[in-house]
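Engineer: mmCIF, C-alpha atoms, saved as entry24.cif, coming up:
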data_start
loop_
_atom_site.group_PDB
_atom_site.id
_atom_site.type_symbol
_atom_site.label_atom_id
_atom_site.label_comp_id
_atom_site.auth_asym_id
_atom_site.auth_seq_id
_atom_site.Cartn_x
_atom_site.Cartn_y
_atom_site.Cartn_z
ATOM 1 C CA TYR A 20 -8.689 58.775 -6.682
ATOM 2 C CA GLN A 21 -7.299 55.779 -4.760
ATOM 3 C CA ILE A 22 -10.107 55.880 -2.165
ATOM 4 C CA VAL A 23 -12.786 56.008 -4.881
ATOM 5 C CA SER A 24 -11.085 53.162 -6.792
ATOM 6 C CA ASP A 25 -10.926 51.013 -3.661
ATOM 7 C CA ILE A 26 -14.627 51.610 -2.936
ATOM 8 C CA ARG A 27 -15.607 50.763 -6.537
ATOM 9 C CA GLU A 28 -13.481 47.595 -6.479
ATOM 10 C CA LYS A 29 -15.010 46.523 -3.155
ATOM 11 C CA ASN A 30 -18.557 47.132 -4.445
ATOM 12 C CA MET A 31 -17.849 45.174 -7.645
ATOM 13 C CA SER A 32 -16.406 42.283 -5.625
ATOM 14 C CA GLU A 33 -19.466 42.229 -3.351
ATOM 15 C CA GLU A 34 -21.809 42.280 -6.367
ATOM 16 C CA MET A 35 -19.939 39.409 -8.047
ATOM 17 C CA LEU A 36 -19.952 37.402 -4.814
ATOM 18 C CA SER A 37 -23.679 38.077 -4.362
ATOM 19 C CA GLU A 38 -24.358 36.923 -7.935
ATOM 20 C CA LYS A 39 -22.416 33.727 -7.300
ATOM 21 C CA ILE A 40 -24.315 33.068 -4.093
ATOM 22 C CA ASN A 41 -27.725 33.842 -5.578
ATOM 23 C CA GLY A 42 -27.036 32.137 -8.889
ATOM 24 C CA LYS A 43 -25.953 28.745 -7.553
ATOM 25 C CA GLN A 44 -26.861 26.253 -4.894
ATOM 26 C CA GLN A 45 -24.857 27.224 -1.813
ATOM 27 C CA ALA A 46 -25.457 24.256 0.481
ATOM 28 C CA VAL A 47 -23.159 21.310 1.007
ATOM 29 C CA THR A 48 -25.131 18.251 -0.121
ATOM 30 C CA LEU A 49 -24.867 14.486 0.261
ATOM 31 C CA THR A 50 -26.353 12.402 -2.541
ATOM 32 C CA VAL A 51 -26.916 8.683 -1.944
ATOM 33 C CA ASP A 52 -26.994 6.406 -5.023
ATOM 34 C CA GLY A 53 -27.821 9.396 -7.231
ATOM 35 C CA LYS A 54 -31.340 9.582 -5.764
ATOM 36 C CA THR A 55 -31.651 10.875 -2.216
ATOM 37 C CA VAL A 56 -30.195 14.313 -1.529
ATOM 38 C CA PHE A 57 -29.522 15.641 1.972
ATOM 39 C CA ASN A 58 -28.787 19.319 2.564
ATOM 40 C CA LEU A 59 -26.035 19.109 5.189
ATOM 41 C CA GLY A 60 -26.070 22.846 5.840
ATOM 42 C CA ASP A 61 -29.651 22.739 7.170
ATOM 43 C CA MET A 62 -28.957 19.999 9.697
ATOM 44 C CA SER A 63 -28.716 20.785 13.361
ATOM 45 C CA GLU A 64 -25.835 19.612 15.526
ATOM 46 C CA ASN A 65 -25.480 15.817 16.034
ATOM 47 C CA THR A 66 -28.125 14.969 13.438
ATOM 48 C CA ARG A 67 -28.130 11.276 12.494
ATOM 49 C CA LEU A 68 -29.376 10.568 8.967
ATOM 50 C CA ALA A 69 -32.139 7.982 8.832
ATOM 51 C CA GLY A 70 -31.003 4.622 7.509
ATOM 52 C CA LEU A 71 -27.357 5.696 7.261
ATOM 53 C CA ASP A 72 -24.624 5.156 9.823
ATOM 54 C CA LEU A 73 -23.419 8.758 9.732
ATOM 55 C CA LYS A 74 -24.049 12.083 11.394
ATOM 56 C CA VAL A 75 -23.181 15.757 11.131
ATOM 57 C CA GLU A 76 -21.227 16.830 14.204
ATOM 58 C CA SER A 77 -19.613 20.257 14.618
ATOM 59 C CA GLY A 78 -19.943 20.900 10.882
ATOM 60 C CA VAL A 79 -18.211 17.616 9.978
ATOM 61 C CA LEU A 80 -19.853 14.609 8.322
ATOM 62 C CA LYS A 81 -18.769 11.509 10.263
ATOM 63 C CA TYR A 82 -19.395 7.850 9.578
ATOM 64 C CA GLY A 83 -20.257 5.440 12.383
ATOM 65 C CA ASN A 84 -17.442 3.144 13.336
ATOM 66 C CA GLY A 85 -14.360 4.654 11.702
ATOM 67 C CA LYS A 86 -11.407 2.265 11.642
ATOM 68 C CA ASP A 87 -13.426 -0.571 13.179
ATOM 69 C CA SER A 88 -16.121 -0.394 10.506
ATOM 70 C CA PRO A 89 -16.977 -3.705 8.905
ATOM 71 C CA VAL A 90 -15.853 -4.522 5.400
ATOM 72 C CA ALA A 91 -18.545 -4.015 2.778
ATOM 73 C CA GLU A 92 -20.751 -6.946 1.895
ATOM 74 C CA LYS A 93 -21.944 -7.370 -1.667
ATOM 75 C CA GLY A 94 -25.244 -5.651 -2.338
ATOM 76 C CA THR A 95 -25.135 -3.473 0.795
ATOM 77 C CA VAL A 96 -22.862 -0.715 -0.491
ATOM 78 C CA SER A 97 -24.308 2.567 -1.687
ATOM 79 C CA ILE A 98 -22.422 5.332 -3.467
ATOM 80 C CA HIS A 99 -22.247 8.629 -1.591
ATOM 81 C CA GLU A 100 -21.309 11.944 -3.178
ATOM 82 C CA ILE A 101 -20.512 15.133 -1.272
ATOM 83 C CA SER A 102 -20.855 18.360 -3.254
ATOM 84 C CA VAL A 103 -19.318 21.537 -1.869
ATOM 85 C CA PRO A 104 -20.480 24.770 -3.525
ATOM 86 C CA GLU A 105 -18.234 27.673 -4.407
ATOM 87 C CA ILE A 106 -16.967 29.851 -1.544
ATOM 88 C CA LYS A 107 -17.337 27.018 0.990
ATOM 89 C CA MET A 108 -15.168 24.236 2.406
ATOM 90 C CA PHE A 109 -16.290 21.051 4.142
ATOM 91 C CA ARG A 110 -14.722 18.265 6.191
ATOM 92 C CA ILE A 111 -15.721 14.612 6.122
ATOM 93 C CA VAL A 112 -14.511 11.572 8.045
ATOM 94 C CA LEU A 113 -14.865 8.578 5.714
ATOM 95 C CA PRO A 114 -16.064 5.113 6.803
ATOM 96 C CA ASP A 115 -12.439 3.955 7.360
ATOM 97 C CA GLY A 116 -11.582 6.929 9.591
ATOM 98 C CA SER A 117 -9.681 8.908 6.920
ATOM 99 C CA GLY A 118 -10.254 12.660 6.996
ATOM 100 C CA VAL A 119 -10.871 14.804 3.912
ATOM 101 C CA TRP A 120 -11.159 18.578 3.682
ATOM 102 C CA LEU A 121 -12.944 19.459 0.440
ATOM 103 C CA ASN A 122 -12.277 22.817 -1.158
ATOM 104 C CA SER A 123 -14.725 25.145 -2.857
ATOM 105 C CA GLY A 124 -16.521 23.699 -5.908
ATOM 106 C CA SER A 125 -15.467 20.091 -5.205
ATOM 107 C CA ARG A 126 -17.264 16.740 -5.408
ATOM 108 C CA LEU A 127 -16.125 13.520 -3.732
ATOM 109 C CA SER A 128 -17.713 10.139 -4.551
ATOM 110 C CA TYR A 129 -17.057 7.085 -2.367
ATOM 111 C CA PRO A 130 -18.764 3.879 -1.222
ATOM 112 C CA SER A 131 -20.672 3.792 2.087
ATOM 113 C CA SER A 132 -18.127 1.176 3.211
ATOM 114 C CA PHE A 133 -14.886 0.026 1.629
ATOM 115 C CA ASP A 134 -14.171 -3.532 0.462
ATOM 116 C CA GLU A 135 -11.490 -5.833 1.863
ATOM 117 C CA THR A 136 -8.886 -5.165 -0.853
ATOM 118 C CA SER A 137 -8.884 -1.405 -1.428
ATOM 119 C CA ARG A 138 -10.404 1.977 -0.604
ATOM 120 C CA VAL A 139 -11.233 3.910 -3.787
ATOM 121 C CA VAL A 140 -12.734 7.408 -4.036
ATOM 122 C CA SER A 141 -13.259 9.807 -6.968
ATOM 123 C CA LEU A 142 -12.592 13.530 -6.763
ATOM 124 C CA ASP A 143 -13.610 16.394 -9.006
ATOM 125 C CA GLY A 144 -12.042 19.423 -7.382
ATOM 126 C CA GLU A 145 -9.526 19.713 -4.565
ATOM 127 C CA GLY A 146 -9.189 17.782 -1.341
ATOM 128 C CA TYR A 147 -6.673 17.529 1.470
ATOM 129 C CA PHE A 148 -6.491 13.913 2.677
ATOM 130 C CA GLU A 149 -5.275 12.452 5.965
ATOM 131 C CA ILE A 150 -5.461 8.722 5.300
ATOM 132 C CA ALA A 151 -5.976 6.155 8.043
ATOM 133 C CA LYS A 152 -3.137 3.621 7.879
ATOM 134 C CA ASP A 153 -4.123 0.209 6.519
ATOM 135 C CA ALA A 154 -1.340 -1.576 4.641
ATOM 136 C CA SER A 155 -3.663 -4.362 3.483
ATOM 137 C CA ARG A 156 -6.073 -1.896 1.808
ATOM 138 C CA PRO A 157 -4.422 0.912 -0.169
ATOM 139 C CA PHE A 158 -6.331 4.177 -0.482
ATOM 140 C CA ILE A 159 -6.746 5.383 -4.076
ATOM 141 C CA VAL A 160 -7.996 8.813 -5.142
ATOM 142 C CA LYS A 161 -9.014 9.057 -8.810
ATOM 143 C CA GLY A 162 -9.493 12.335 -10.591
ATOM 144 C CA LYS A 163 -9.446 13.423 -14.214
ATOM 145 C CA GLY A 164 -7.496 10.397 -15.464
ATOM 146 C CA MET A 165 -4.914 10.478 -12.673
ATOM 147 C CA SER A 166 -4.769 8.370 -9.528
ATOM 148 C CA VAL A 167 -2.903 8.721 -6.246
ATOM 149 C CA ARG A 168 -2.293 5.533 -4.240
ATOM 150 C CA VAL A 169 -1.349 5.533 -0.528
ATOM 151 C CA THR A 170 -1.620 3.329 2.549
ATOM 152 C CA GLY A 171 -1.452 6.082 5.153
ATOM 153 C CA THR A 172 -0.242 9.605 4.534
ATOM 154 C CA LYS A 173 -1.195 13.281 4.220
ATOM 155 C CA PHE A 174 -1.501 14.929 0.819
ATOM 156 C CA ASP A 175 -3.455 17.409 -1.283
ATOM 157 C CA PHE A 176 -4.917 16.407 -4.639
ATOM 158 C CA LYS A 177 -6.293 18.908 -7.147
ATOM 159 C CA ALA A 178 -8.216 17.700 -10.202
ATOM 160 C CA TYR A 179 -10.929 20.155 -11.237
ATOM 161 C CA SER A 180 -12.715 18.916 -14.371
ATOM 162 C CA ASP A 181 -12.727 22.405 -15.924
ATOM 163 C CA ASP A 182 -8.985 22.965 -15.359
ATOM 164 C CA ASN A 183 -6.203 21.475 -17.500
ATOM 165 C CA ARG A 184 -3.828 21.219 -14.542
ATOM 166 C CA LEU A 185 -3.568 18.324 -12.097
ATOM 167 C CA SER A 186 -1.497 18.319 -8.939
ATOM 168 C CA ALA A 187 -0.697 16.091 -6.001
ATOM 169 C CA THR A 188 1.208 17.678 -3.122
ATOM 170 C CA LEU A 189 2.731 15.383 -0.522
ATOM 171 C CA VAL A 190 2.730 16.675 3.056
ATOM 172 C CA GLU A 191 3.790 13.543 4.920
ATOM 173 C CA GLY A 192 4.475 9.898 3.998
ATOM 174 C CA LYS A 193 4.634 8.399 0.499
ATOM 175 C CA VAL A 194 2.349 8.467 -2.536
ATOM 176 C CA SER A 195 2.371 6.734 -5.870
ATOM 177 C CA VAL A 196 0.982 8.781 -8.757
ATOM 178 C CA GLY A 197 -0.147 7.262 -12.042
ATOM 179 C CA TYR A 198 -2.488 7.602 -14.991
#
Go ahead and render the structure in this file as structure tokens.
Structural biologist:
Amino acid sequence: YQIVSDIREKNMSEEMLSEKINGKQQAVTLTVDGKTVFNLGDMSENTRLAGLDLKVESGVLKYGNGKDSPVAEKGTVSIHEISVPEIKMFRIVLPDGSGVWLNSGSRLSYPSSFDETSRVVSLDGEGYFEIAKDASRPFIVKGKGMSVRVTGTKFDFKAYSDDNRLSATLVEGKVSVGY
């Protein structure tokens, strides 16, 4: 009985997983200003996106200059959104050099470069953040009415829009949580 039950359970799990994969878009995508969509999963190693100072390298989306990137000028900033489908995870290095690991079913929106006073991103889902230190420009993650403010630390933030629970888990440093 146990062997048959295990086989049935495994087959049901595989069928449900197959339905999820076939029923939804399964590629990690980058949307720029709500118009242009790039399928990051189809890109070959070290692909540089035309007109954007970023590339996909070893399965990680990286922006050009990192910590030395210039401060955004008015009119030159575009809004980027990374969407990670279910059953996948994805890593991104933001324009300021901060690293983010996005969990399954997550979306992160952020400017192509941060301004001189703050670094603000929006999250629907779950992300683990390793923030580049910059005391003059706090890093703020907004999600589902809650915000986490840091200047350089490691933390996890979970704010799925279809879940009533919110959580911020500090790994290292200090965070300020507010609504």
Engineer: Got a sec to resolve the PyMOL selection byres ((chain A and resi 107) around 8) on this structure and send the residues as a list in words?
Structural biologist: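 Applying the PyMOL selection byres ((chain A and resi 107) around 8) to the structure shown produces Val103, Pro104, Glu105, Ile106, Met108, Phe109, Asn122, Ser123 and Gly124 of chain A.
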Engineer: Apply the PyMOL selection byres ((chain A and resi 149) around 9) to the structure shown and report the selected residues as a VMD selection string.
Structural biologist: chain A and resid 117 to 120 147 to 148 150 to 151 171 to 175
Engineer: When the PyMOL selection byres ((chain A and resi 185-187) around 10) is applied to the file above, which residues end up in the set, as a list of chain:residue names?
Structural biologist: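 Here the PyMOL selection byres ((chain A and resi 185-187) around 10) matches A:Gly144, A:Glu145, A:Gly146, A:Tyr147, A:Gly162, A:Lys163, A:Gly164, A:Met165, A:Ser166, A:Val167, A:Phe174, A:Asp175, A:Phe176, A:Lys177, A:Ala178, A:Tyr179, A:Ser180, A:Asp182, A:Asn183, A:Arg184, A:Thr188, A:Leu189, A:Val190, A:Val194, A:Ser195, A:Val196.
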Engineer: Name the residues in contact with A:Val75 at a cut-off of 12 Å, using all atoms listed in the file, excluding same-chain residues fewer than 3 positions from it; report them as a list in words.
Structural biologist: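 Using all atoms listed in the file, the neighbours found are Val47, Thr48, Leu49, Phe57, Asn58, Leu59, Gly60, Asp61, Met62, Ser63, Glu64, Asn65, Thr66, Arg67, Leu68, Leu71, Asp72, Gly78, Val79, Leu80, Lys81, Tyr82, Gly83, Phe109, Arg110, Ile111 and Val112 of chain A.
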Engineer: So which one's closest to A:Val96, A:Asp52, A:Asp143, A:Asp181, A:Asp153? Using all atoms listed in the file, please.
Structural biologist: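 When distances to A:Val96 are compared using all atoms listed in the file, the smallest one comes from A:Asp52.
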Engineer: Between atom CA of A:Ile98 and atom CA of A:Pro130, what is the distance in Å, rounded to a tenth?
Structural biologist: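 Atom-to-atom, atom CA of A:Ile98 and atom CA of A:Pro130 are spaced 4.5 Å apart.
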Engineer: Can you tell me how far atom CA of A:Gln45 sits from atom CA of A:Ser102, in Å to one decimal?
Structural biologist: 9.8 Å
Engineer: Could you please determine the separation between atom CA of A:Arg156 and atom CA of A:Leu73 in Å, to one decimal place?
Structural biologist: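 Those two atoms sit 21.8 Å apart.
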Engineer: Using only C-alpha atoms, which of the listed residues (A:Ile101, A:Thr95, A:Lys74, A:Pro157) sits closest to A:Gly53?
Structural biologist: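 The closest residue to A:Gly53 is A:Ile101.
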Engineer: Between A:Ser128, A:Thr55, A:Ser77, A:Thr136, which has the minimum distance to A:Lys161 (counting only C-alpha atoms)?
Structural biologist: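 Nearest to A:Lys161: A:Ser128.
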Engineer: Out of A:Val169, A:Glu76, A:Leu121, A:Leu113, which residue has the shortest atom-to-atom distance to A:Phe133 when counting all atoms listed in the file?
Structural biologist: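 Among A:Val169, A:Glu76, A:Leu121, A:Leu113, it is A:Leu113 that comes nearest to A:Phe133.
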